[in-house]
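File shown: run34.txt. Contents: compact mmCIF, N, CA and C atoms.
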# COMPACT_ATOMS: atom_id res chain seq x y z
N GLU A 11 35.46 -18.40 1.33
CA GLU A 11 34.77 -17.51 0.40
C GLU A 11 33.71 -18.27 -0.40
N GLU A 12 34.01 -19.48 -0.80
CA GLU A 12 33.04 -20.27 -1.55
C GLU A 12 31.82 -20.59 -0.67
N THR A 13 32.10 -20.88 0.59
CA THR A 13 31.01 -21.16 1.53
C THR A 13 30.11 -19.94 1.68
N GLN A 14 30.72 -18.76 1.74
CA GLN A 14 29.95 -17.53 1.86
C GLN A 14 29.07 -17.31 0.63
N TYR A 15 29.62 -17.62 -0.54
CA TYR A 15 28.85 -17.49 -1.78
C TYR A 15 27.60 -18.36 -1.71
N TYR A 16 27.77 -19.62 -1.36
CA TYR A 16 26.62 -20.53 -1.31
C TYR A 16 25.63 -20.16 -0.21
N LEU A 17 26.13 -19.63 0.88
CA LEU A 17 25.25 -19.17 1.94
C LEU A 17 24.37 -18.02 1.46
N THR A 18 24.96 -17.09 0.71
CA THR A 18 24.14 -15.98 0.19
C THR A 18 23.11 -16.49 -0.81
N GLU A 19 23.50 -17.47 -1.63
CA GLU A 19 22.54 -18.02 -2.60
C GLU A 19 21.37 -18.67 -1.86
N PHE A 20 21.67 -19.36 -0.77
CA PHE A 20 20.62 -19.97 0.05
C PHE A 20 19.70 -18.89 0.62
N TYR A 21 20.29 -17.83 1.18
CA TYR A 21 19.49 -16.74 1.74
C TYR A 21 18.60 -16.11 0.67
N ILE A 22 19.16 -15.88 -0.50
CA ILE A 22 18.39 -15.24 -1.58
C ILE A 22 17.24 -16.14 -2.03
N ASP A 23 17.53 -17.42 -2.21
CA ASP A 23 16.47 -18.34 -2.64
C ASP A 23 15.35 -18.42 -1.60
N LEU A 24 15.74 -18.52 -0.35
CA LEU A 24 14.74 -18.59 0.72
C LEU A 24 13.96 -17.27 0.83
N ALA A 25 14.65 -16.17 0.62
CA ALA A 25 13.99 -14.85 0.63
C ALA A 25 12.95 -14.76 -0.48
N CYS A 26 13.28 -15.26 -1.66
CA CYS A 26 12.32 -15.26 -2.78
C CYS A 26 11.08 -16.07 -2.42
N LEU A 27 11.30 -17.21 -1.79
CA LEU A 27 10.18 -18.04 -1.37
C LEU A 27 9.32 -17.31 -0.35
N ARG A 28 9.94 -16.71 0.64
CA ARG A 28 9.20 -15.97 1.66
C ARG A 28 8.43 -14.79 1.05
N HIS A 29 9.07 -14.12 0.09
CA HIS A 29 8.42 -13.00 -0.59
C HIS A 29 7.15 -13.49 -1.31
N LYS A 30 7.27 -14.60 -2.02
CA LYS A 30 6.11 -15.14 -2.75
C LYS A 30 5.01 -15.61 -1.81
N GLN A 31 5.39 -15.94 -0.59
CA GLN A 31 4.41 -16.35 0.42
C GLN A 31 3.84 -15.13 1.18
N ASN A 32 4.22 -13.93 0.72
CA ASN A 32 3.80 -12.68 1.36
C ASN A 32 4.34 -12.51 2.77
N ASN A 33 5.41 -13.21 3.08
CA ASN A 33 6.07 -13.07 4.38
C ASN A 33 7.25 -12.11 4.17
N TYR A 34 6.90 -10.84 4.02
CA TYR A 34 7.89 -9.83 3.63
C TYR A 34 8.93 -9.55 4.71
N LYS A 35 8.52 -9.62 5.96
CA LYS A 35 9.49 -9.37 7.03
C LYS A 35 10.58 -10.44 7.05
N ALA A 36 10.20 -11.69 6.84
CA ALA A 36 11.19 -12.77 6.78
C ALA A 36 12.07 -12.61 5.54
N ALA A 37 11.45 -12.24 4.42
CA ALA A 37 12.21 -12.03 3.19
C ALA A 37 13.23 -10.90 3.37
N LEU A 38 12.80 -9.84 4.02
CA LEU A 38 13.68 -8.71 4.25
C LEU A 38 14.88 -9.11 5.11
N LYS A 39 14.63 -9.83 6.15
CA LYS A 39 15.70 -10.27 7.04
C LYS A 39 16.74 -11.11 6.28
N LEU A 40 16.27 -12.02 5.45
CA LEU A 40 17.17 -12.87 4.67
C LEU A 40 17.94 -12.07 3.61
N ARG A 41 17.27 -11.15 2.96
CA ARG A 41 17.94 -10.34 1.94
C ARG A 41 18.99 -9.43 2.55
N ARG A 42 18.72 -8.94 3.74
CA ARG A 42 19.72 -8.09 4.42
C ARG A 42 20.94 -8.91 4.82
N LYS A 43 20.72 -10.15 5.25
CA LYS A 43 21.84 -11.04 5.56
C LYS A 43 22.67 -11.30 4.31
N ALA A 44 21.99 -11.57 3.21
CA ALA A 44 22.68 -11.83 1.95
C ALA A 44 23.48 -10.60 1.52
N LEU A 45 22.89 -9.42 1.64
CA LEU A 45 23.59 -8.19 1.26
C LEU A 45 24.86 -8.01 2.08
N LYS A 46 24.76 -8.24 3.36
CA LYS A 46 25.92 -8.07 4.24
C LYS A 46 27.09 -8.95 3.78
N ILE A 47 26.79 -10.17 3.43
CA ILE A 47 27.85 -11.08 2.97
C ILE A 47 28.31 -10.69 1.57
N ARG A 48 27.37 -10.40 0.68
CA ARG A 48 27.73 -10.05 -0.70
C ARG A 48 28.64 -8.81 -0.76
N LYS A 49 28.45 -7.90 0.16
CA LYS A 49 29.32 -6.72 0.18
C LYS A 49 30.77 -7.08 0.46
N THR A 50 31.00 -8.23 1.10
CA THR A 50 32.38 -8.67 1.35
C THR A 50 32.93 -9.45 0.16
N LEU A 51 32.05 -9.92 -0.73
CA LEU A 51 32.48 -10.74 -1.86
C LEU A 51 32.64 -9.97 -3.17
N TYR A 52 31.92 -8.86 -3.29
CA TYR A 52 31.87 -8.12 -4.55
C TYR A 52 32.20 -6.64 -4.33
N THR A 53 32.67 -6.02 -5.40
CA THR A 53 32.88 -4.57 -5.36
C THR A 53 31.51 -3.88 -5.42
N GLU A 54 31.47 -2.66 -4.95
CA GLU A 54 30.20 -1.93 -4.85
C GLU A 54 29.53 -1.70 -6.21
N ASP A 55 30.28 -1.78 -7.29
CA ASP A 55 29.69 -1.55 -8.62
C ASP A 55 29.31 -2.85 -9.33
N ASN A 56 29.32 -3.96 -8.61
CA ASN A 56 29.01 -5.25 -9.21
C ASN A 56 27.50 -5.42 -9.39
N ILE A 57 27.13 -5.98 -10.53
CA ILE A 57 25.71 -6.15 -10.86
C ILE A 57 24.99 -7.06 -9.87
N VAL A 58 25.72 -7.95 -9.23
CA VAL A 58 25.12 -8.82 -8.21
C VAL A 58 24.55 -7.98 -7.07
N LEU A 59 25.29 -6.95 -6.68
CA LEU A 59 24.78 -6.06 -5.63
C LEU A 59 23.58 -5.26 -6.13
N ALA A 60 23.60 -4.88 -7.39
CA ALA A 60 22.46 -4.16 -7.95
C ALA A 60 21.20 -5.01 -7.85
N ASN A 61 21.32 -6.28 -8.15
CA ASN A 61 20.16 -7.17 -8.06
C ASN A 61 19.70 -7.34 -6.62
N THR A 62 20.64 -7.38 -5.71
CA THR A 62 20.30 -7.50 -4.29
C THR A 62 19.58 -6.24 -3.81
N TYR A 63 20.09 -5.07 -4.21
CA TYR A 63 19.43 -3.81 -3.84
C TYR A 63 18.01 -3.74 -4.41
N LYS A 64 17.85 -4.20 -5.64
CA LYS A 64 16.53 -4.17 -6.28
C LYS A 64 15.56 -5.09 -5.54
N ALA A 65 16.02 -6.26 -5.13
CA ALA A 65 15.17 -7.18 -4.38
C ALA A 65 14.79 -6.59 -3.02
N LEU A 66 15.75 -5.95 -2.37
CA LEU A 66 15.46 -5.27 -1.11
C LEU A 66 14.42 -4.18 -1.32
N ALA A 67 14.58 -3.42 -2.37
CA ALA A 67 13.63 -2.34 -2.67
C ALA A 67 12.22 -2.89 -2.86
N SER A 68 12.13 -3.99 -3.56
CA SER A 68 10.83 -4.60 -3.80
C SER A 68 10.17 -5.03 -2.49
N THR A 69 10.95 -5.59 -1.60
CA THR A 69 10.41 -6.03 -0.31
C THR A 69 10.00 -4.85 0.55
N TYR A 70 10.84 -3.81 0.59
CA TYR A 70 10.46 -2.61 1.34
C TYR A 70 9.19 -1.99 0.76
N HIS A 71 9.06 -2.03 -0.55
CA HIS A 71 7.87 -1.51 -1.20
C HIS A 71 6.62 -2.26 -0.73
N GLU A 72 6.72 -3.58 -0.66
CA GLU A 72 5.60 -4.39 -0.20
C GLU A 72 5.24 -4.10 1.26
N LEU A 73 6.22 -3.66 2.03
CA LEU A 73 5.99 -3.31 3.43
C LEU A 73 5.56 -1.85 3.61
N ASP A 74 5.29 -1.17 2.46
CA ASP A 74 4.87 0.24 2.44
C ASP A 74 5.93 1.18 3.00
N LYS A 75 7.18 0.78 2.90
CA LYS A 75 8.30 1.64 3.33
C LYS A 75 8.90 2.24 2.05
N PHE A 76 8.15 3.16 1.49
CA PHE A 76 8.45 3.66 0.15
C PHE A 76 9.74 4.47 0.07
N SER A 77 10.06 5.24 1.09
CA SER A 77 11.29 6.05 1.02
C SER A 77 12.52 5.15 1.08
N ILE A 78 12.46 4.09 1.86
CA ILE A 78 13.59 3.15 1.91
C ILE A 78 13.67 2.39 0.59
N ALA A 79 12.51 1.99 0.07
CA ALA A 79 12.48 1.29 -1.22
C ALA A 79 13.11 2.16 -2.31
N ALA A 80 12.75 3.43 -2.32
CA ALA A 80 13.28 4.35 -3.33
C ALA A 80 14.80 4.45 -3.24
N LYS A 81 15.32 4.45 -2.04
CA LYS A 81 16.77 4.51 -1.84
C LYS A 81 17.46 3.31 -2.47
N TYR A 82 16.90 2.13 -2.26
CA TYR A 82 17.50 0.93 -2.82
C TYR A 82 17.29 0.81 -4.32
N TYR A 83 16.12 1.24 -4.82
CA TYR A 83 15.92 1.27 -6.28
C TYR A 83 16.94 2.19 -6.94
N LYS A 84 17.17 3.34 -6.32
CA LYS A 84 18.13 4.30 -6.87
C LYS A 84 19.53 3.71 -6.89
N LYS A 85 19.92 3.08 -5.80
CA LYS A 85 21.24 2.47 -5.71
C LYS A 85 21.42 1.39 -6.78
N SER A 86 20.40 0.58 -6.96
CA SER A 86 20.43 -0.46 -7.98
C SER A 86 20.57 0.14 -9.37
N ASN A 87 19.77 1.15 -9.67
CA ASN A 87 19.82 1.79 -10.99
C ASN A 87 21.17 2.45 -11.25
N GLU A 88 21.77 3.04 -10.23
CA GLU A 88 23.08 3.66 -10.40
C GLU A 88 24.13 2.62 -10.81
N ILE A 89 24.10 1.47 -10.17
CA ILE A 89 25.05 0.41 -10.50
C ILE A 89 24.79 -0.11 -11.91
N ILE A 90 23.53 -0.31 -12.25
CA ILE A 90 23.18 -0.80 -13.59
C ILE A 90 23.63 0.20 -14.65
N ASN A 91 23.37 1.48 -14.42
CA ASN A 91 23.78 2.51 -15.38
C ASN A 91 25.30 2.58 -15.51
N GLU A 92 25.99 2.45 -14.39
CA GLU A 92 27.45 2.47 -14.39
C GLU A 92 28.00 1.31 -15.21
N ASN A 93 27.41 0.14 -15.03
CA ASN A 93 27.85 -1.02 -15.79
C ASN A 93 27.49 -0.90 -17.26
N SER A 94 26.36 -0.27 -17.57
CA SER A 94 25.98 -0.05 -18.97
C SER A 94 26.99 0.84 -19.66
N GLN A 95 27.47 1.85 -18.95
CA GLN A 95 28.49 2.74 -19.52
C GLN A 95 29.77 1.99 -19.81
N LYS A 96 30.16 1.10 -18.93
CA LYS A 96 31.37 0.30 -19.12
C LYS A 96 31.24 -0.57 -20.35
N ILE A 97 30.06 -1.17 -20.54
CA ILE A 97 29.84 -2.04 -21.69
C ILE A 97 29.91 -1.24 -22.97
N ILE A 98 29.31 -0.06 -22.97
CA ILE A 98 29.33 0.80 -24.17
C ILE A 98 30.76 1.18 -24.52
N LEU A 99 31.57 1.47 -23.51
CA LEU A 99 32.96 1.87 -23.75
C LEU A 99 33.82 0.73 -24.28
N LEU A 100 33.45 -0.50 -24.00
CA LEU A 100 34.22 -1.64 -24.50
C LEU A 100 33.99 -1.78 -25.97

Transcribe the structure of this file into structure tokens.
Amino acid sequence: EETQYYLTEFYIDLACLRHKQNNYKAALKLRRKALKIRKTLYTEDNIVLANTYKALASTYHELDKFSIAAKYYKKSNEIINENSQKIILL
């Protein structure tokens, strides 16, 4: 499990680099790999997944795939809002 965590961090860091280099297809591939692993490490309402969905949305947006981007932005916002409610209730 620890190895999987570090592997996802590597994928995310490399994806950020590829994104900044305007290599969006490579960034997307890496972010999707990271998401696949992160889904095995975290519950669906975890903020880590929200950040991953938001990064995916940003990359899809850059690739002009707006409907897919919107789906991931929405998913990210739902998780963030859910976590905000939990914090307020505490």

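By chain and then residue number, the residues within 6 Å of range 17-33 of chain A are Ala37, Leu40 and Ala44 of chain A, counting only C-alpha atoms and disregarding those fewer than 4 positions away in sequence.
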
Selection near range 55-62 of chain A, 7 Å with all atoms listed in the file, sequence-local residues under 4 positions removed, as a list in words: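 Non-adjacent residues within range: Leu45, Arg48, Leu66, Ala67, Lys85, Ser86, Asn87, Ile89, Ile90 and Asn93 of chain A.
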
Residue subset to file, keeping N, CA and C atoms, as a compact mmCIF listing (two decimals), keeping the file's coordinate frame:
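Below is the file out17.txt, written as the result:
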# COMPACT_ATOMS: atom_id res chain seq x y z
N LEU A 45 22.89 -9.42 1.64
CA LEU A 45 23.59 -8.19 1.26
C LEU A 45 24.86 -8.01 2.08
N ARG A 48 27.37 -10.40 0.68
CA ARG A 48 27.73 -10.05 -0.70
C ARG A 48 28.64 -8.81 -0.76
N LEU A 66 15.75 -5.95 -2.37
CA LEU A 66 15.46 -5.27 -1.11
C LEU A 66 14.42 -4.18 -1.32
N ALA A 67 14.58 -3.42 -2.37
CA ALA A 67 13.63 -2.34 -2.67
C ALA A 67 12.22 -2.89 -2.86
N LYS A 85 19.92 3.08 -5.80
CA LYS A 85 21.24 2.47 -5.71
C LYS A 85 21.42 1.39 -6.78
N SER A 86 20.40 0.58 -6.96
CA SER A 86 20.43 -0.46 -7.98
C SER A 86 20.57 0.14 -9.37
N ASN A 87 19.77 1.15 -9.67
CA ASN A 87 19.82 1.79 -10.99
C ASN A 87 21.17 2.45 -11.25
N ILE A 89 24.10 1.47 -10.17
CA ILE A 89 25.05 0.41 -10.50
C ILE A 89 24.79 -0.11 -11.91
N ILE A 90 23.53 -0.31 -12.25
CA ILE A 90 23.18 -0.80 -13.59
C ILE A 90 23.63 0.20 -14.65
N ASN A 93 27.41 0.14 -15.03
CA ASN A 93 27.85 -1.02 -15.79
C ASN A 93 27.49 -0.90 -17.26

Closest of A:Glu11, A:Lys49, A:Tyr34, A:Glu88 to Leu73 in chain A - atom-to-atom distances counting only N, CA and C atoms: A:Tyr34

Pairwise distance for CA of Lys64 in chain A and CA of Lys35 in chain A, rounded to one decimal in Å: 15.9 Å

Pick from A:Arg41, A:Lys81, A:Lys46, A:Lys96, whichever lies nearest to Ala65 in chain A using all atoms listed in the file: A:Arg41

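Distances to Tyr82 in chain A were evaluated for A:Gln95, A:Ser68, A:Gln14, A:Thr53 using all atoms listed in the file, and the minimum falls at A:Ser68.
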
Nearest residue to Tyr15 in chain A from the set A:Leu51, A:Ala36, A:Arg42, A:His71 (distances using all atoms listed in the file):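 Of the candidates, the smallest distance to Tyr15 in chain A is held by A:Leu51.
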
Length of the atom N of Phe76 in chain A to CA of Ser94 in chain A vector [Å]: 27.3 Å

Would you compute an axis-aligned box for range 48-61 of chain A, covering every atom listed for it in the file with 5 Å of margin on each side, and report centre and edge lengths in Å to one decimal as lines of an AutoDock Vina configuration file?
center_x = 26.3
center_y = -6.1
center_z = -4.8
size_x = 23.2
size_y = 19.2
size_z = 22.2

Selected residue, from A:Glu12, A:Tyr83, A:Glu72, A:Ile78, that lies nearest to Ile47 in chain A when counting only C-alpha atoms: A:Glu12

Distance in Å - CA of Lys84 in chain A versus atom C of Thr13 in chain A: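 Atom-to-atom, CA of Lys84 in chain A and atom C of Thr13 in chain A are spaced 28.4 Å apart.
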